[in-house]
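For reference, the structure discussed in these notes is given below.
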Amino acid sequence: MPVFTRFRQTPGTAADDTAPVPPASEETPGGAAEAAPEGAATDTAVSETAVADGAPDTAETDKATPDTAETDKATPDTDETDKATPGEPDGEAPAGAKARLRARLAHWRSWRTRHPTAARVLSWTTTALAAALVLGAMLMPNTVATVQPNRFTRLPAEAIIGAAVMLALPRRPRMLLAAFSGAVLGALTIMNFLDMGFREYLGRSFNLILDWSLLDDAQSYIADSMGRTTAVAAAVGAVVLVVVLLVLMALATVRLSNLLVRDTRTATRATLIAGTVWITCSTLGLQFNGMPIASDRAAGALKAQAWRVKTTLRDEAAFRNEAKADQFGDTPADQLLPDLRGKDMIFTFIESYGRSAIEDPGIAPGVDKTLDSSTAALEKAGFRARSGWLTSATYGGSSWLGHSTTMSGLWIDNQQRYRTVMAGDHLSLTKAFKKTGAWDTVGVMPGVQKGWPEQSFYGLDKVYNAFQMGYQGPKFSWSTMPDQYALEAFQRLEHGRKRDKPLMSEIILTSSHQPWSPIPKMVGWDQLGDGSVFGPIQKAGTHPSDIITDSTRSKQEYGKSVQYSVTSLTQWLERYGNDDTVLVFLGDHQPIARVSGNHASRDVPVSIVAKDPKVLDKIAGWNWTEGLRPAKNAPVWKMSSFRDRFLTAYGSTPHPSKD
């Protein structure tokens, strides 16, 4: 009797998906059924076995097996599957692709199991880097000079407090707080970097309220000095660095918080011990390697930033009232500057001409020699000079703050004060000349390359910018033209013309602007032409990248640039000055810390030069030094005091303005 076992279909399971398994006593020959990968193959093997044993014919088999139609109902038709997955030759292809993707992901995730040693090393390394990143952010100083190893061997209170809070929170709040804390630490690190840059270049910390606009000026400076490509690359690099730093810091704090909660008992005990050590070290003032062990640097930095913001907001309101008060605001025109009537007045600012140029041993020898030889040459031409010191409102840059402080008589040491003054009607020194009606007024601004609304504040009838002086030669880094050319253009366009009134001029000389490379050289005054003569000189000069990071070379080149600017100005005065010419020239600020040093003063030289002895007699009481080089012990005044002293010395009568 042939053996045939009828299999019952399990409800809810397609007949084609489940291979019938014969009892153990009735194995398929050769194990074909077990080896078959698909249900269909198994069915074939079973059918062959049945035939060999004399199985019933097809009709009987059909009775024992569920109807094909019923099976079709249980299994979707292939055509319908194809319709459900258009574009695939086989309805199972998407499922297969997903399966392969899941397999790859599973394989990737299982690498820890396959390489346990490498996984442990990578985990420890990542954790160590995360801890170093977070602790470094908490302990980082905000000045370049103080970035020393001993700053990073301290115990930060913020880490201890943060660990205690993380241990007390449930998972979701803990993760959110950890990510937020990391982002704050990242932002604090960025602020520290900005402080370093601002201290290096401007001698002060970054102001969170006022200084964002200066970043655009910094990019323009890089573009003018080192090319647009470098400027764009620097800007993109800075943005990428900021994003990466914020993300990495957030990931680092989340990783460390997860590490804490793996063993809360041990982590709690370690946190308590660290807190006790911190309190003990703080109370006893214990130090390691010259620094206090207990640190609250991050909290102190955040507190300093908050204080700076608060002070800035208060300062804005107070300064608006201060700017309204003016000792000479209501002085009648005929009582302003009566002792200078008929004189051609020239106020000149020499870029970055600071006290360091005259007294720093690495710079002074060449500059002092130039000042002394220029004094002698001017005396030979009939001019005499008196010189002193002014303490600038700015340092290392932001020249417009020095210019406006000198001319307004107000201490303008930030951008908000500058905007307040420019928008008001405070009397500037140059506008006082215009107010008298006795002078024509003009400005020579080779550094101005766009609209300049400040012209109204300074009371200038006409301003010549970088594109209005006919210069066709090359730029010298940031400076659009050599000082010698700018002065010759001033002579050609304004000073040398016949006029009904004397001329009051404000001139900004830019050749001594950083990065002090390349530097122009003096050429014959009759050879200047349209400035093309400077082409070979510019090409033969050094490139900014050659000296910008070298402090010694920067000092040398800075000194040469000041010598060039002073020589250009004094030679122009010898050549074109007359009995009625009065020159006032001064620096706007000290050069950056890389040149002047980390503890340099903000003092700049100021000189008044004239042929008429009466002009210098009026300032005899100032006790300034004879010649162009002020003595070390010459009087030092705040730059904001110059306007009132000058107006008073030359006969102006104070009439305070009313609020």
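Scheme for the structure tokens: letters A, B, ... for chains in order shown; per-chain residue numbers from 1; ligand numbers from 1 in order shown.
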Practice task
Identify, on the basis of only C-alpha atoms, every residue whose closest approach to region 584-594 of chain A does not exceed 9 Å; exclude the query and any residue fewer than 3 positions from it along the same chain; express the result as a VMD selection string.
Solution key: chain A and resid 199 to 203 345 to 357 389 to 403 406 513 to 514 549 to 552 554 to 555 558 597 to 610
Practice task
From a DSSP pass on the backbone, collect the residues of region 446-634 of chain A flagged as strand (DSSP E) and hand them back as a ChimeraX atom specification.
Solution key: /A:462-464,503-509,581-587,603-610,625-626
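Across the structure, CA of Leu139 (chain A) and CA of Phe152 (chain A) are spaced 5.9 Å apart.
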Practice task
Pick out the residues sitting within 12 Å of Asp368 (chain A), and hand them over as a ChimeraX atom specification; count only C-alpha atoms, and ignore anything fewer than 5 positions along from it in its own chain.
Solution key: /A:355-363,373-375,559-560,562-563,566-567,627-631
Write a file of the just-selected residues containing C-alpha atoms, as an mmCIF file, in the first residue's frame.
```cif
data_model
loop_
_atom_site.group_PDB
_atom_site.id
_atom_site.type_symbol
_atom_site.label_atom_id
_atom_site.label_comp_id
_atom_site.auth_asym_id
_atom_site.auth_seq_id
_atom_site.Cartn_x
_atom_site.Cartn_y
_atom_site.Cartn_z
ATOM 1 C CA ARG A 355 54.312 106.118 20.772
ATOM 2 C CA SER A 356 55.944 102.765 20.057
ATOM 3 C CA ALA A 357 57.299 104.164 16.784
ATOM 4 C CA ILE A 358 59.350 106.679 18.774
ATOM 5 C CA GLU A 359 60.296 104.695 21.874
ATOM 6 C CA ASP A 360 60.339 100.965 21.051
ATOM 7 C CA PRO A 361 64.005 99.860 20.686
ATOM 8 C CA GLY A 362 63.152 97.668 17.702
ATOM 9 C CA ILE A 363 61.431 100.486 15.814
ATOM 10 C CA SER A 373 66.228 115.008 10.013
ATOM 11 C CA SER A 374 62.748 116.242 9.040
ATOM 12 C CA THR A 375 62.812 118.766 11.899
ATOM 13 C CA GLY A 559 58.901 101.456 11.289
ATOM 14 C CA LYS A 560 59.708 101.853 7.601
ATOM 15 C CA VAL A 562 56.014 105.462 9.442
ATOM 16 C CA GLN A 563 59.274 106.858 8.109
ATOM 17 C CA VAL A 566 56.435 111.324 7.852
ATOM 18 C CA THR A 567 58.906 111.941 5.019
ATOM 19 C CA GLY A 627 60.692 119.740 17.098
ATOM 20 C CA LEU A 628 58.750 116.802 15.678
ATOM 21 C CA ARG A 629 59.812 114.264 18.303
ATOM 22 C CA PRO A 630 58.070 114.678 21.669
ATOM 23 C CA ALA A 631 60.172 114.013 24.747
#
```
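Within 8 Å of region 411-426 of chain A there are Leu210, Asp211, Glu316, Phe319, Arg320, Ala323, Lys324, Asp326, Gly329, Ala393, Thr394, Leu401, Gly402, Ser404, Thr405, Glu454, Phe457, Met639 and Ser640 of chain A, counting only C-alpha atoms and ignoring same-chain residues fewer than 6 positions away.
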